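Step one of this worksheet: look at the structure below.
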Amino acid sequence: MKFSVLMSVYKNDRVAHVKQAIDSIINQTVKPDEIVIVIDGKVPDATEYELKQYQNIFNFMKLVWLPVNVGLGAALREGLQYCSHELVARMDSDDISMPTRFEKQLECFGNNEEISLVGTNISEFICYSDNIVSYRKVPLEDQDIKRYMKTRSPFNHMSVMFKKSDVEKCGSYMHWYLNEDYYLWIRMFLAGCTFANLNETLVNVRINEDTFRRRGGWSYFLTQKRIFDFMLKNKMINIFDYFYNNSVRFVTRLMLPNKVRKWLYIKLLRG
């Protein structure tokens, strides 16, 4: 089965991290037929140079240049239009895919034609890829994924592979501050899509202090509240779920210091 990889790069991505991410894509046991990288606004000269060097070597790489930064959701929406194949694997610009990731996801699609999207577990590291501080394990079966989705995102976005047609019939990616992925999963849920996760850790994800800082404050609380507003309006959750979800977010996003949020994130919410 042919497939594309979709990635977005912006000005704050370090060139060394971008190279690590691309190398992990290229060095898969099953190599992609196409890599689409969206350059979301102006990037440093070093990043631009390295991306063009990769494109010169790998003729299956497409670079999509956006004149101004539009944010991840809009950038992925644009990039998806350039993906030539029905299966599309997401990749973040500073993470590392394990060598068998694509092979195992393709096998999952081959075994079940009904699946629209398949993700994986992830490990999370700070500074060095072998300095793993936590894991995020997600539910595996469609029914469990849909139940979990009512309170939290059931996928690790950087790990998913999906059918392009199923994503586009739900409206594709849209801008939603720090939650463009969760918003897409919800719309796919409402459209009756079938989901799966693999019980394997197939992406190593880079985190830092900003990871936890971004998960606090009014902006993050309100963007998640809007998500739950949407879910309630579409009868995906009931009023009790709605108040529970918002109450938990109010405490974790607005009342906890960043150090406590970090501890909670690593020790309790992760494995």
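Naming scheme: A, B, ... for chains in displayed order of the structure tokens; residues 1 onward per chain; ligands 1 onward as shown.
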
Could you go through stretch 58-143 of chain A and tell me which residues DSSP, when run on the backbone, assigns to alpha helix (DSSP H), listing them as an MDAnalysis selection string?
chainID A and resid 72:80 101:111 142:143

Preceding selection exported with C-alpha atoms as a tab-separated table (two decimals), in the first residue's frame:
```tsv
chain	number	residue	atom	x	y	z
A	72	LEU	CA	-0.53	23.83	12.74
A	73	GLY	CA	-4.14	23.08	11.88
A	74	ALA	CA	-4.24	25.33	8.81
A	75	ALA	CA	-0.76	24.21	7.71
A	76	LEU	CA	-1.76	20.54	7.84
A	77	ARG	CA	-4.99	21.31	6.00
A	78	GLU	CA	-2.93	22.86	3.20
A	79	GLY	CA	-0.37	20.06	3.20
A	80	LEU	CA	-2.97	17.31	3.06
A	101	ARG	CA	6.27	2.19	12.76
A	102	PHE	CA	4.94	2.42	9.19
A	103	GLU	CA	5.28	-1.32	8.58
A	104	LYS	CA	3.06	-2.13	11.56
A	105	GLN	CA	0.48	0.54	10.81
A	106	LEU	CA	0.18	-0.61	7.20
A	107	GLU	CA	-0.31	-4.16	8.45
A	108	CYS	CA	-3.18	-2.94	10.63
A	109	PHE	CA	-4.89	-1.29	7.66
A	110	GLY	CA	-4.34	-4.43	5.60
A	111	ASN	CA	-6.03	-6.56	8.24
A	142	ASP	CA	-12.69	1.17	18.66
A	143	GLN	CA	-15.27	1.00	21.44
```

List the spatial neighbours of A:Met188 as a ChimeraX atom specification - criterion: any atom at most 12 Å away, only C-alpha atoms, same-chain residues fewer than 6 positions off excluded.
/A:115-117,146,149,162-173,181-182,194-195,236

Which residues come within 12 Å of A:Trp65, counting only C-alpha atoms, excluding same-chain residues fewer than 6 positions away, as a PDB file with N, CA and C atoms, in the first residue's frame?
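Output below, filename result-v2.pdb:
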```pdb
ATOM      1  N   SER A   8       4.811  19.385   9.359  1.00  0.00           N
ATOM      2  CA  SER A   8       4.867  20.841   9.282  1.00  0.00           C
ATOM      3  C   SER A   8       6.074  21.343  10.066  1.00  0.00           C
ATOM      4  N   VAL A   9       6.745  22.348   9.510  1.00  0.00           N
ATOM      5  CA  VAL A   9       7.925  22.948  10.141  1.00  0.00           C
ATOM      6  C   VAL A   9       7.684  24.444  10.272  1.00  0.00           C
ATOM      7  N   TYR A  10       8.089  25.034  11.409  1.00  0.00           N
ATOM      8  CA  TYR A  10       7.976  26.492  11.545  1.00  0.00           C
ATOM      9  C   TYR A  10       9.240  27.054  12.176  1.00  0.00           C
ATOM     10  N   VAL A  36       5.491  14.957   2.442  1.00  0.00           N
ATOM     11  CA  VAL A  36       5.026  16.330   2.231  1.00  0.00           C
ATOM     12  C   VAL A  36       5.355  17.134   3.487  1.00  0.00           C
ATOM     13  N   ILE A  37       6.199  18.154   3.322  1.00  0.00           N
ATOM     14  CA  ILE A  37       6.583  19.007   4.449  1.00  0.00           C
ATOM     15  C   ILE A  37       6.091  20.422   4.178  1.00  0.00           C
ATOM     16  N   VAL A  38       5.245  20.919   5.062  1.00  0.00           N
ATOM     17  CA  VAL A  38       4.741  22.287   4.958  1.00  0.00           C
ATOM     18  C   VAL A  38       5.662  23.199   5.748  1.00  0.00           C
ATOM     19  N   ILE A  39       6.196  24.227   5.096  1.00  0.00           N
ATOM     20  CA  ILE A  39       7.014  25.226   5.787  1.00  0.00           C
ATOM     21  C   ILE A  39       6.080  26.378   6.129  1.00  0.00           C
ATOM     22  N   ASP A  40       5.728  26.451   7.417  1.00  0.00           N
ATOM     23  CA  ASP A  40       4.671  27.352   7.885  1.00  0.00           C
ATOM     24  C   ASP A  40       5.250  28.729   8.207  1.00  0.00           C
ATOM     25  N   GLY A  41       5.404  29.550   7.160  1.00  0.00           N
ATOM     26  CA  GLY A  41       5.976  30.885   7.325  1.00  0.00           C
ATOM     27  C   GLY A  41       7.487  30.872   7.188  1.00  0.00           C
ATOM     28  N   LYS A  42       8.094  32.004   7.457  1.00  0.00           N
ATOM     29  CA  LYS A  42       9.537  32.160   7.351  1.00  0.00           C
ATOM     30  C   LYS A  42      10.246  31.282   8.377  1.00  0.00           C
ATOM     31  N   VAL A  43      11.283  30.563   7.918  1.00  0.00           N
ATOM     32  CA  VAL A  43      12.098  29.735   8.816  1.00  0.00           C
ATOM     33  C   VAL A  43      13.551  30.176   8.694  1.00  0.00           C
ATOM     34  N   GLU A  48      15.910  26.110   6.041  1.00  0.00           N
ATOM     35  CA  GLU A  48      15.559  26.124   4.617  1.00  0.00           C
ATOM     36  C   GLU A  48      16.602  25.379   3.793  1.00  0.00           C
ATOM     37  N   LEU A  51      16.324  21.514   4.330  1.00  0.00           N
ATOM     38  CA  LEU A  51      15.146  20.960   3.672  1.00  0.00           C
ATOM     39  C   LEU A  51      15.363  20.836   2.165  1.00  0.00           C
ATOM     40  N   LYS A  52      15.980  21.833   1.575  1.00  0.00           N
ATOM     41  CA  LYS A  52      16.254  21.779   0.133  1.00  0.00           C
ATOM     42  C   LYS A  52      17.288  20.708  -0.193  1.00  0.00           C
ATOM     43  N   ALA A  75      -1.906  24.704   8.489  1.00  0.00           N
ATOM     44  CA  ALA A  75      -0.761  24.210   7.715  1.00  0.00           C
ATOM     45  C   ALA A  75      -0.984  22.761   7.283  1.00  0.00           C
ATOM     46  N   GLU A  78      -3.534  22.544   4.499  1.00  0.00           N
ATOM     47  CA  GLU A  78      -2.927  22.859   3.202  1.00  0.00           C
ATOM     48  C   GLU A  78      -2.081  21.692   2.709  1.00  0.00           C
ATOM     49  N   GLY A  79      -1.255  21.144   3.600  1.00  0.00           N
ATOM     50  CA  GLY A  79      -0.365  20.061   3.202  1.00  0.00           C
ATOM     51  C   GLY A  79      -1.095  18.811   2.772  1.00  0.00           C
ATOM     52  N   TYR A  82      -1.724  18.247  -0.820  1.00  0.00           N
ATOM     53  CA  TYR A  82      -0.590  17.852  -1.652  1.00  0.00           C
ATOM     54  C   TYR A  82      -0.245  16.370  -1.502  1.00  0.00           C
TER      55      TYR A  82
END
```

Set the distance at 9 Å and use only C-alpha atoms: which residues neighbour A:Ala21 once local chain neighbours fewer than 3 positions away are removed? I'd like the list as a tab-separated table (two decimals) with C-alpha atoms, in the first residue's frame.
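Written out: part29.tsv:
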```
chain	number	residue	atom	x	y	z
A	16	ALA	CA	18.96	19.39	14.25
A	17	HIS	CA	15.60	18.16	15.52
A	18	VAL	CA	14.02	18.48	12.07
A	24	SER	CA	13.61	8.56	11.21
A	25	ILE	CA	11.07	8.66	8.36
A	26	ILE	CA	13.57	7.78	5.68
A	91	MET	CA	4.90	13.15	11.83
A	92	ASP	CA	6.00	16.04	14.03
A	93	SER	CA	9.14	17.98	13.20
A	94	ASP	CA	11.01	17.25	16.43
A	95	ASP	CA	10.05	13.64	17.18
A	96	ILE	CA	11.54	10.28	16.22
A	97	SER	CA	9.62	7.40	14.66
```

So which one's closest to A:Arg187, A:Trp263, A:Tyr220, A:Tyr49, A:Phe230? Using only C-alpha atoms, please.
A:Phe230

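When atom CA of A:Asn208 is paired with atom CA of A:Leu256, their separation reads 17.7 Å.
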
Apply DSSP to the structure's backbone, then extract all residues of stretch 21-229 of chain A labelled strand (DSSP E) and return them as a ChimeraX atom specification.
/A:34-40,61-66,87-90,96-97,115-125,132-136,161-163,194-206

Deliver the residues from the most recent selection as a file, using C-alpha atoms, as a tab-separated table (two decimals), in the first residue's frame.
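Writing done, so here's part-v8.tsv:
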```
chain	number	residue	atom	x	y	z
A	34	GLU	CA	5.96	10.54	-0.57
A	35	ILE	CA	6.93	13.03	2.13
A	36	VAL	CA	5.03	16.33	2.23
A	37	ILE	CA	6.58	19.01	4.45
A	38	VAL	CA	4.74	22.29	4.96
A	39	ILE	CA	7.01	25.23	5.79
A	40	ASP	CA	4.67	27.35	7.89
A	61	MET	CA	9.80	14.85	-1.02
A	62	LYS	CA	7.47	17.81	-1.60
A	63	LEU	CA	8.08	21.15	0.11
A	64	VAL	CA	5.02	23.37	0.50
A	65	TRP	CA	6.02	26.97	1.29
A	66	LEU	CA	3.50	29.19	3.08
A	87	LEU	CA	-3.02	6.63	3.46
A	88	VAL	CA	-1.28	9.51	5.23
A	89	ALA	CA	1.05	9.23	8.23
A	90	ARG	CA	1.49	12.23	10.51
A	96	ILE	CA	11.54	10.28	16.22
A	97	SER	CA	9.62	7.40	14.66
A	115	ILE	CA	-10.36	1.33	9.96
A	116	SER	CA	-10.09	5.05	9.23
A	117	LEU	CA	-7.22	5.87	11.58
A	118	VAL	CA	-4.62	3.97	13.59
A	119	GLY	CA	-2.28	5.41	16.21
A	120	THR	CA	0.32	4.04	18.61
A	121	ASN	CA	1.66	4.50	22.11
A	122	ILE	CA	4.53	6.95	22.57
A	123	SER	CA	7.53	7.48	24.80
A	124	GLU	CA	8.53	10.98	25.88
A	125	PHE	CA	12.08	12.20	26.37
A	132	ILE	CA	12.83	8.71	28.49
A	133	VAL	CA	10.80	10.21	31.33
A	134	SER	CA	7.30	8.94	30.57
A	135	TYR	CA	5.05	6.93	28.29
A	136	ARG	CA	1.56	7.63	27.00
A	161	MET	CA	-1.84	7.12	10.09
A	162	PHE	CA	-5.23	7.78	8.49
A	163	LYS	CA	-7.27	7.55	5.32
A	194	THR	CA	-13.66	3.28	12.96
A	195	PHE	CA	-10.47	3.65	15.01
A	196	ALA	CA	-7.60	1.58	16.37
A	197	ASN	CA	-4.38	1.99	18.31
A	198	LEU	CA	-1.42	-0.39	18.31
A	199	ASN	CA	-0.19	-1.59	21.68
A	200	GLU	CA	3.38	-0.67	20.82
A	201	THR	CA	5.55	2.38	21.46
A	202	LEU	CA	6.43	3.48	17.94
A	203	VAL	CA	7.21	7.20	18.32
A	204	ASN	CA	9.67	8.87	20.70
A	205	VAL	CA	8.40	12.38	21.49
A	206	ARG	CA	10.51	15.35	22.55
```

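Contact shell of A:Arg147 at 12 Å (only C-alpha atoms; same-chain neighbours under 3 positions omitted): Val138, Pro139, Leu140, Glu141, Asp142, Gln143, Asp144, Lys150, Thr151, Arg152, Ser153, Pro154, Ile186, Phe189, Phe195, Met236, Ile237 and Asp241 of chain A.
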
Using the selection just defined, write its residues with N, CA and C atoms as a tab-separated table (two decimals), in the first residue's frame.
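Saved to again-v4.tsv:
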```tsv
chain	number	residue	atom	x	y	z
A	138	VAL	N	-2.48	4.45	25.10
A	138	VAL	CA	-3.83	4.84	24.70
A	138	VAL	C	-4.69	3.58	24.51
A	139	PRO	N	-6.02	3.72	24.59
A	139	PRO	CA	-6.90	2.56	24.39
A	139	PRO	C	-6.75	1.99	22.99
A	140	LEU	N	-6.99	0.69	22.86
A	140	LEU	CA	-6.66	-0.02	21.62
A	140	LEU	C	-7.85	-0.24	20.70
A	141	GLU	N	-8.98	-0.61	21.26
A	141	GLU	CA	-10.13	-1.00	20.44
A	141	GLU	C	-11.07	0.17	20.19
A	142	ASP	N	-11.81	0.07	19.09
A	142	ASP	CA	-12.69	1.17	18.66
A	142	ASP	C	-13.65	1.61	19.76
A	143	GLN	N	-14.29	0.66	20.41
A	143	GLN	CA	-15.27	1.00	21.44
A	143	GLN	C	-14.61	1.73	22.62
A	144	ASP	N	-13.45	1.25	23.03
A	144	ASP	CA	-12.74	1.87	24.15
A	144	ASP	C	-12.20	3.25	23.77
A	150	LYS	N	-14.44	10.92	25.10
A	150	LYS	CA	-15.39	11.82	25.75
A	150	LYS	C	-14.75	12.65	26.84
A	151	THR	N	-13.55	12.26	27.28
A	151	THR	CA	-12.86	13.02	28.32
A	151	THR	C	-11.48	13.51	27.90
A	152	ARG	N	-10.80	12.78	27.02
A	152	ARG	CA	-9.45	13.15	26.60
A	152	ARG	C	-9.22	12.66	25.18
A	153	SER	N	-8.20	13.21	24.54
A	153	SER	CA	-7.84	12.73	23.20
A	153	SER	C	-7.32	11.30	23.29
A	154	PRO	N	-7.86	10.39	22.50
A	154	PRO	CA	-7.46	8.98	22.58
A	154	PRO	C	-6.32	8.61	21.64
A	186	ILE	N	-12.93	14.13	17.02
A	186	ILE	CA	-14.34	14.23	17.42
A	186	ILE	C	-15.24	14.25	16.19
A	189	PHE	N	-15.40	10.83	14.80
A	189	PHE	CA	-16.30	10.05	15.66
A	189	PHE	C	-17.75	10.28	15.24
A	195	PHE	N	-11.81	3.31	14.54
A	195	PHE	CA	-10.47	3.65	15.01
A	195	PHE	C	-9.75	2.44	15.59
A	236	MET	N	-22.56	14.21	22.09
A	236	MET	CA	-21.51	13.21	22.27
A	236	MET	C	-21.27	12.96	23.76
A	237	ILE	N	-21.51	13.99	24.58
A	237	ILE	CA	-21.43	13.87	26.03
A	237	ILE	C	-22.71	14.45	26.63
A	241	ASP	N	-21.03	14.83	32.11
A	241	ASP	CA	-19.69	14.72	31.52
A	241	ASP	C	-19.11	16.11	31.30
```

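Remark: for A:Phe3, the closest of the candidate residues A:Asp229, A:Asp33, A:Asp23, A:Glu180 is A:Asp33 (distances computed over only C-alpha atoms).
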
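Using only C-alpha atoms, the smallest distance between any of A:Leu190, A:Tyr177, A:Asn131, A:Arg14 and A:Asn234 comes from A:Leu190.
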
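Reported to one decimal place, the separation of atom CA of A:Asn27 from atom CA of A:Met98 is 9.0 Å.
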
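With distances restricted to only C-alpha atoms, A:Arg253 is the closest residue to A:Gly217 from A:Arg253, A:Lys31, A:Lys259, A:Lys233.
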
In Å to one decimal, how far is atom CA of A:Met158 from atom CA of A:Val30?
17.7 Å
